[in-house]
Amino acid sequence: MKNNSYSYLIVGNGKFSKHFQYLFAIKSISFKLWFRGSKESFESLCNEAEKILVLIKDDEIINFIEANRQFVDQPIIWIHCSGMISTPLAESAHPLMTFTDKLYEPQIYNSIPFITEKNRLSFKELFPDLNNPNFQIESQDKILYHAFSVMSGNFTTILWQCFFDFLTSRNIPQAIAYTYLDRIIHNLKDDNSPLTGPIQRKDVNTIYKHLEALENNPFRNVYISFLEAYDQIKTGAEIENN
């Protein structure tokens with residue numbers, strides 16, 4: 001380690017950054033923090049670290065690095081954690097996890113898998129003090145990988161929140177749906193055929209009545225889109241198997 005005072009300069013102080021700060025703290029990894037409004041300037045901090053970890057919005061990452069790399073007067077490793085960005089300006093390590101305003105139990109952080117890019121620096125080179133599961137992906141696959149991770153996590157969250165709102169609006173506690181939710185998760189992890197319900201059974205009349213009930217609901221189009229996507233997946237699988 002060169003004559004510096006810490007291993008990482010973390011850029012940004014949002015939700016995700018606070019999780020990383022906590023992770024570094026419980027792992028006793030030295031770091032300093034810079035964000036808009038910091039008392040110290042970026043220029044005064046950037047040359048004291050071995051690596052600069054840019055934890056800001058995806059849309060701002062490349063612009064930030066391009067605007068600020070002029071202030072770095074020694075070789076340094078820039079790292080971002082975007083699931084979709086691939087740039088020669090920085091290495092990347094995307095945590096396959098959702099991060100809320102609440103910090104997690106320490107053991108949760110140890111289990112978070114990270115996805116890095118093939119033919120770039122490895123996860124161990126980027127974070128030598130972390131022992132998280134890690135895997136590599138082709139750079140050109142990152143956007144599709146991130147799209148699926150967002151759909152599977154964020155989209156289902158929106159659906160479940162709307163279902164909970166529907167229940168509570170009818171004076172039914174949302175907790176009654178937790179067993180159902182837990183079973184869906186269990187089946188996804190442990191069952192080779194986890195899909196159930198009218199789509200799997202091809203109950204056309206039931207599906208038709210659902211769409212009628214959703215006539216003035218924005219989720220009607222979501223329902224139709226899922227039907228169409230599932231039909232294409234099944235058709236493709238049948239063609240492949242024949």
# chains A, B, ... in the order shown; residues from 1 in each chain; ligands from 1
call {"tool": "residues_around", "arguments": {"residues": "region 120-123 of chain A", "least_positions_apart": "2", "cutoff": "10 Å", "atoms": "only C-alpha atoms", "output": "MDAnalysis selection string"}}
result
chainID A and resid 77 88 90:94 114:118 125:128 130:136 138:139
call {"tool": "write_last_selection", "arguments": {"atoms": "N, CA and C atoms", "output": "short mmCIF file (atom, residue, chain, number, x, y, z; two decimals), in the first residue's frame"}}
result
data_model
loop_
_atom_site.label_atom_id
_atom_site.label_comp_id
_atom_site.auth_asym_id
_atom_site.auth_seq_id
_atom_site.Cartn_x
_atom_site.Cartn_y
_atom_site.Cartn_z
N ILE A 77 -7.33 3.36 -9.09
CA ILE A 77 -8.39 2.52 -9.63
C ILE A 77 -9.74 3.14 -9.32
N PRO A 88 -14.37 2.03 -20.07
CA PRO A 88 -12.93 1.89 -19.84
C PRO A 88 -12.42 2.83 -18.75
N ALA A 90 -13.52 3.01 -15.69
CA ALA A 90 -13.61 2.46 -14.34
C ALA A 90 -13.91 0.96 -14.37
N GLU A 91 -13.49 0.29 -13.31
CA GLU A 91 -13.86 -1.10 -13.08
C GLU A 91 -15.27 -1.13 -12.48
N SER A 92 -15.88 -2.31 -12.49
CA SER A 92 -17.24 -2.38 -11.94
C SER A 92 -17.43 -3.65 -11.13
N ALA A 93 -18.29 -3.54 -10.11
CA ALA A 93 -18.67 -4.69 -9.29
C ALA A 93 -20.09 -4.42 -8.81
N HIS A 94 -21.05 -5.14 -9.39
CA HIS A 94 -22.45 -4.90 -9.07
C HIS A 94 -22.94 -5.88 -8.01
N PHE A 114 -21.46 -10.49 -5.93
CA PHE A 114 -21.06 -9.37 -6.78
C PHE A 114 -20.77 -9.89 -8.19
N ILE A 115 -21.17 -9.09 -9.17
CA ILE A 115 -20.94 -9.43 -10.58
C ILE A 115 -19.93 -8.44 -11.15
N THR A 116 -18.80 -8.96 -11.62
CA THR A 116 -17.80 -8.12 -12.27
C THR A 116 -17.75 -8.46 -13.76
N GLU A 117 -16.93 -7.72 -14.50
CA GLU A 117 -16.83 -7.92 -15.95
C GLU A 117 -15.66 -8.83 -16.30
N LYS A 118 -15.89 -9.71 -17.26
CA LYS A 118 -14.81 -10.57 -17.74
C LYS A 118 -13.71 -9.73 -18.39
N GLU A 125 -9.27 -8.32 -6.64
CA GLU A 125 -8.35 -7.20 -6.88
C GLU A 125 -8.99 -5.87 -6.50
N LEU A 126 -10.30 -5.79 -6.68
CA LEU A 126 -11.00 -4.55 -6.34
C LEU A 126 -11.24 -4.43 -4.84
N PHE A 127 -11.61 -5.55 -4.21
CA PHE A 127 -11.94 -5.55 -2.79
C PHE A 127 -11.23 -6.72 -2.10
N PRO A 128 -9.93 -6.61 -1.89
CA PRO A 128 -9.16 -7.74 -1.33
C PRO A 128 -9.59 -8.16 0.07
N LEU A 130 -12.72 -8.37 1.13
CA LEU A 130 -14.07 -8.94 1.12
C LEU A 130 -14.03 -10.36 0.55
N ASN A 131 -14.85 -11.23 1.11
CA ASN A 131 -14.90 -12.63 0.67
C ASN A 131 -16.27 -13.00 0.11
N ASN A 132 -16.97 -12.04 -0.44
CA ASN A 132 -18.31 -12.31 -0.98
C ASN A 132 -18.27 -13.23 -2.19
N PRO A 133 -19.35 -13.98 -2.40
CA PRO A 133 -19.45 -14.74 -3.66
C PRO A 133 -19.34 -13.77 -4.83
N ASN A 134 -18.66 -14.15 -5.88
CA ASN A 134 -18.51 -13.24 -7.01
C ASN A 134 -18.42 -14.03 -8.31
N PHE A 135 -18.96 -13.42 -9.36
CA PHE A 135 -19.03 -14.05 -10.67
C PHE A 135 -18.76 -13.01 -11.73
N GLN A 136 -18.39 -13.47 -12.91
CA GLN A 136 -18.07 -12.57 -14.01
C GLN A 136 -19.10 -12.67 -15.12
N GLU A 138 -19.94 -11.15 -19.33
CA GLU A 138 -19.45 -10.39 -20.49
C GLU A 138 -19.97 -8.96 -20.43
N SER A 139 -19.14 -8.03 -20.81
CA SER A 139 -19.53 -6.62 -20.75
C SER A 139 -20.80 -6.34 -21.54
#
call {"tool": "select_by_dssp", "arguments": {"residues": "region 44-210 of chain A", "states": "alpha helix (DSSP H)", "output": "number ranges by chain"}}
result
A: 44-45, 58-68, 106-111, 123-126, 142-150, 156-169, 178-190, 198-201, 204-210
call {"tool": "residues_around", "arguments": {"residues": "region 201-210 of chain A", "least_positions_apart": "6", "cutoff": "10 Å", "atoms": "only C-alpha atoms", "output": "VMD selection string"}}
result
chain A and resid 195 220 223 to 224 227
call {"tool": "atom_distance", "arguments": {"atom1": "CA of Asn187 (chain A)", "atom2": "CA of Ile233 (chain A)"}}
result
19.7 Å
call {"tool": "select_by_dssp", "arguments": {"residues": "region 29-143 of chain A", "states": "strand (DSSP E)", "output": "ChimeraX atom specification"}}
result
/A:31-34,49-54,77-80,91-95,114-117,134-137
call {"tool": "closest_residue", "arguments": {"among": "A:Val11, A:Ala25, A:Leu89, A:Leu45", "to": "Asp129 (chain A)", "atoms": "only C-alpha atoms"}}
result
A:Ala25
call {"tool": "residues_around", "arguments": {"residues": "Phe35 (chain A)", "least_positions_apart": "4", "cutoff": "10 Å", "atoms": "only C-alpha atoms", "output": "ChimeraX atom specification"}}
result
/A:10-14,39-42,55-56
call {"tool": "write_last_selection", "arguments": {"atoms": "C-alpha atoms", "output": "compact mmCIF listing (two decimals), in the first residue's frame"}}
result
# COMPACT_ATOMS: atom_id res chain seq x y z
CA ILE A 10 -16.29 6.76 -1.41
CA VAL A 11 -18.08 9.29 -3.59
CA GLY A 12 -21.73 9.86 -2.73
CA ASN A 13 -23.75 9.64 0.47
CA GLY A 14 -27.06 8.19 -0.70
CA LYS A 39 -16.34 20.28 4.00
CA GLU A 40 -13.27 18.91 2.26
CA SER A 41 -12.91 19.14 -1.52
CA PHE A 42 -12.68 16.13 -3.80
CA LEU A 55 -21.55 5.37 -5.61
CA ILE A 56 -23.87 7.86 -7.28
call {"tool": "closest_residue", "arguments": {"among": "A:Lys51, A:Lys234, A:Arg170, A:His80", "to": "Phe31 (chain A)", "atoms": "only C-alpha atoms"}}
result
A:Lys51
call {"tool": "closest_residue", "arguments": {"among": "A:Leu188, A:Ile199, A:Val222, A:Leu23", "to": "Gln107 (chain A)", "atoms": "only C-alpha atoms"}}
result
A:Leu23
call {"tool": "atom_distance", "arguments": {"atom1": "CA of Pro113 (chain A)", "atom2": "CA of Ser17 (chain A)"}}
result
16.8 Å
call {"tool": "closest_residue", "arguments": {"among": "A:Asn47, A:Thr157, A:Thr87, A:Asn63", "to": "Pro75 (chain A)", "atoms": "only C-alpha atoms"}}
result
A:Asn47
call {"tool": "decode", "arguments": {"residues": "region 16-160 of chain A", "atoms": "C-alpha atoms", "output": "mmCIF file, in the first residue's frame"}}
result
data_model
loop_
_atom_site.group_PDB
_atom_site.id
_atom_site.type_symbol
_atom_site.label_atom_id
_atom_site.label_comp_id
_atom_site.auth_asym_id
_atom_site.auth_seq_id
_atom_site.Cartn_x
_atom_site.Cartn_y
_atom_site.Cartn_z
ATOM 1 C CA PHE A 16 -26.517 2.605 -1.376
ATOM 2 C CA SER A 17 -23.398 4.446 -0.236
ATOM 3 C CA LYS A 18 -24.485 4.213 3.400
ATOM 4 C CA HIS A 19 -24.710 0.431 3.093
ATOM 5 C CA PHE A 20 -21.187 0.334 1.681
ATOM 6 C CA GLN A 21 -19.926 2.634 4.429
ATOM 7 C CA TYR A 22 -21.405 0.272 7.007
ATOM 8 C CA LEU A 23 -19.906 -2.760 5.259
ATOM 9 C CA PHE A 24 -16.460 -1.159 5.276
ATOM 10 C CA ALA A 25 -16.868 -0.162 8.915
ATOM 11 C CA ILE A 26 -17.740 -3.678 10.122
ATOM 12 C CA LYS A 27 -14.864 -5.074 8.034
ATOM 13 C CA SER A 28 -12.438 -2.432 9.369
ATOM 14 C CA ILE A 29 -11.669 -1.257 5.829
ATOM 15 C CA SER A 30 -10.249 2.258 5.829
ATOM 16 C CA PHE A 31 -12.129 4.848 3.779
ATOM 17 C CA LYS A 32 -13.087 8.470 3.572
ATOM 18 C CA LEU A 33 -16.285 9.949 2.217
ATOM 19 C CA TRP A 34 -16.869 12.785 -0.219
ATOM 20 C CA PHE A 35 -20.209 14.114 -1.441
ATOM 21 C CA ARG A 36 -21.672 17.398 -2.540
ATOM 22 C CA GLY A 37 -21.668 19.523 0.575
ATOM 23 C CA SER A 38 -18.590 17.905 2.115
ATOM 24 C CA LYS A 39 -16.338 20.284 4.001
ATOM 25 C CA GLU A 40 -13.271 18.908 2.255
ATOM 26 C CA SER A 41 -12.913 19.139 -1.518
ATOM 27 C CA PHE A 42 -12.684 16.129 -3.802
ATOM 28 C CA GLU A 43 -9.328 17.401 -5.014
ATOM 29 C CA SER A 44 -7.908 17.331 -1.486
ATOM 30 C CA LEU A 45 -9.004 13.744 -0.885
ATOM 31 C CA CYS A 46 -8.640 11.873 -4.163
ATOM 32 C CA ASN A 47 -4.872 11.469 -4.074
ATOM 33 C CA GLU A 48 -4.777 9.973 -0.593
ATOM 34 C CA ALA A 49 -6.706 6.810 -1.529
ATOM 35 C CA GLU A 50 -5.778 3.670 -3.420
ATOM 36 C CA LYS A 51 -9.196 3.388 -5.059
ATOM 37 C CA ILE A 52 -12.100 5.727 -5.727
ATOM 38 C CA LEU A 53 -15.517 4.105 -5.326
ATOM 39 C CA VAL A 54 -18.161 6.120 -7.194
ATOM 40 C CA LEU A 55 -21.545 5.371 -5.611
ATOM 41 C CA ILE A 56 -23.869 7.858 -7.278
ATOM 42 C CA LYS A 57 -26.729 7.649 -9.782
ATOM 43 C CA ASP A 58 -25.980 5.601 -12.904
ATOM 44 C CA ASP A 59 -26.670 8.584 -15.137
ATOM 45 C CA GLU A 60 -23.988 10.634 -13.356
ATOM 46 C CA ILE A 61 -21.146 8.124 -12.997
ATOM 47 C CA ILE A 62 -19.315 8.590 -16.314
ATOM 48 C CA ASN A 63 -19.726 12.367 -16.273
ATOM 49 C CA PHE A 64 -18.359 12.532 -12.732
ATOM 50 C CA ILE A 65 -15.272 10.486 -13.576
ATOM 51 C CA GLU A 66 -14.601 12.448 -16.767
ATOM 52 C CA ALA A 67 -14.922 15.752 -14.911
ATOM 53 C CA ASN A 68 -12.779 14.777 -11.937
ATOM 54 C CA ARG A 69 -10.042 12.435 -13.123
ATOM 55 C CA GLN A 70 -7.945 15.521 -13.946
ATOM 56 C CA PHE A 71 -7.484 16.054 -10.212
ATOM 57 C CA VAL A 72 -5.854 12.646 -9.698
ATOM 58 C CA ASP A 73 -2.106 12.967 -10.144
ATOM 59 C CA GLN A 74 -1.159 9.310 -9.575
ATOM 60 C CA PRO A 75 -2.306 5.901 -10.848
ATOM 61 C CA ILE A 76 -5.572 5.010 -9.173
ATOM 62 C CA ILE A 77 -8.389 2.515 -9.633
ATOM 63 C CA TRP A 78 -11.854 3.949 -10.213
ATOM 64 C CA ILE A 79 -14.724 1.588 -9.333
ATOM 65 C CA HIS A 80 -18.464 1.872 -9.832
ATOM 66 C CA CYS A 81 -21.226 -0.522 -8.799
ATOM 67 C CA SER A 82 -23.707 0.004 -11.609
ATOM 68 C CA GLY A 83 -25.246 -3.174 -12.963
ATOM 69 C CA MET A 84 -25.467 -1.836 -16.509
ATOM 70 C CA ILE A 85 -22.562 0.533 -17.148
ATOM 71 C CA SER A 86 -19.406 -0.727 -18.813
ATOM 72 C CA THR A 87 -16.725 1.894 -19.378
ATOM 73 C CA PRO A 88 -12.931 1.894 -19.837
ATOM 74 C CA LEU A 89 -12.846 4.724 -17.301
ATOM 75 C CA ALA A 90 -13.615 2.455 -14.340
ATOM 76 C CA GLU A 91 -13.859 -1.095 -13.081
ATOM 77 C CA SER A 92 -17.240 -2.384 -11.944
ATOM 78 C CA ALA A 93 -18.666 -4.691 -9.286
ATOM 79 C CA HIS A 94 -22.453 -4.903 -9.072
ATOM 80 C CA PRO A 95 -24.018 -6.271 -5.877
ATOM 81 C CA LEU A 96 -27.000 -8.487 -6.665
ATOM 82 C CA MET A 97 -29.062 -7.177 -3.762
ATOM 83 C CA THR A 98 -31.739 -4.633 -2.960
ATOM 84 C CA PHE A 99 -30.864 -1.828 -0.549
ATOM 85 C CA THR A 100 -33.429 0.000 1.567
ATOM 86 C CA ASP A 101 -33.073 2.908 3.989
ATOM 87 C CA LYS A 102 -32.434 0.434 6.811
ATOM 88 C CA LEU A 103 -29.018 -1.134 7.284
ATOM 89 C CA TYR A 104 -28.875 -4.941 7.380
ATOM 90 C CA GLU A 105 -27.444 -7.441 9.823
ATOM 91 C CA PRO A 106 -23.675 -7.888 9.302
ATOM 92 C CA GLN A 107 -24.021 -11.482 8.069
ATOM 93 C CA ILE A 108 -26.295 -10.332 5.233
ATOM 94 C CA TYR A 109 -23.473 -8.307 3.710
ATOM 95 C CA ASN A 110 -21.188 -11.338 3.669
ATOM 96 C CA SER A 111 -23.656 -13.250 1.494
ATOM 97 C CA ILE A 112 -24.211 -10.567 -1.166
ATOM 98 C CA PRO A 113 -22.937 -11.802 -4.559
ATOM 99 C CA PHE A 114 -21.056 -9.370 -6.784
ATOM 100 C CA ILE A 115 -20.939 -9.427 -10.575
ATOM 101 C CA THR A 116 -17.795 -8.123 -12.271
ATOM 102 C CA GLU A 117 -16.833 -7.919 -15.945
ATOM 103 C CA LYS A 118 -14.807 -10.568 -17.744
ATOM 104 C CA ASN A 119 -11.309 -9.557 -18.833
ATOM 105 C CA ARG A 120 -11.224 -6.748 -16.276
ATOM 106 C CA LEU A 121 -9.899 -6.642 -12.720
ATOM 107 C CA SER A 122 -11.294 -9.394 -10.525
ATOM 108 C CA PHE A 123 -13.476 -8.829 -7.473
ATOM 109 C CA LYS A 124 -10.564 -9.802 -5.211
ATOM 110 C CA GLU A 125 -8.355 -7.203 -6.883
ATOM 111 C CA LEU A 126 -11.004 -4.546 -6.345
ATOM 112 C CA PHE A 127 -11.940 -5.547 -2.785
ATOM 113 C CA PRO A 128 -9.159 -7.738 -1.334
ATOM 114 C CA ASP A 129 -10.661 -7.611 2.174
ATOM 115 C CA LEU A 130 -14.066 -8.943 1.124
ATOM 116 C CA ASN A 131 -14.900 -12.626 0.670
ATOM 117 C CA ASN A 132 -18.313 -12.307 -0.976
ATOM 118 C CA PRO A 133 -19.454 -14.736 -3.655
ATOM 119 C CA ASN A 134 -18.512 -13.242 -7.012
ATOM 120 C CA PHE A 135 -19.035 -14.054 -10.665
ATOM 121 C CA GLN A 136 -18.066 -12.566 -14.009
ATOM 122 C CA ILE A 137 -20.204 -11.554 -16.957
ATOM 123 C CA GLU A 138 -19.450 -10.393 -20.491
ATOM 124 C CA SER A 139 -19.529 -6.618 -20.745
ATOM 125 C CA GLN A 140 -22.103 -6.732 -23.551
ATOM 126 C CA ASP A 141 -24.461 -8.755 -21.329
ATOM 127 C CA LYS A 142 -24.557 -6.233 -18.493
ATOM 128 C CA ILE A 143 -27.569 -4.219 -19.638
ATOM 129 C CA LEU A 144 -29.722 -7.332 -20.175
ATOM 130 C CA TYR A 145 -28.555 -8.749 -16.827
ATOM 131 C CA HIS A 146 -29.490 -5.503 -15.099
ATOM 132 C CA ALA A 147 -32.851 -5.318 -16.865
ATOM 133 C CA PHE A 148 -33.776 -8.776 -15.560
ATOM 134 C CA SER A 149 -32.573 -7.962 -12.048
ATOM 135 C CA VAL A 150 -34.654 -4.769 -12.017
ATOM 136 C CA MET A 151 -37.762 -6.491 -13.372
ATOM 137 C CA SER A 152 -37.518 -9.402 -10.960
ATOM 138 C CA GLY A 153 -36.906 -7.201 -7.941
ATOM 139 C CA ASN A 154 -38.479 -3.794 -8.494
ATOM 140 C CA PHE A 155 -41.466 -4.834 -10.599
ATOM 141 C CA THR A 156 -42.541 -7.551 -8.189
ATOM 142 C CA THR A 157 -42.172 -5.093 -5.311
ATOM 143 C CA ILE A 158 -44.581 -2.698 -7.034
ATOM 144 C CA LEU A 159 -47.075 -5.521 -7.563
ATOM 145 C CA TRP A 160 -46.889 -6.677 -3.960
#
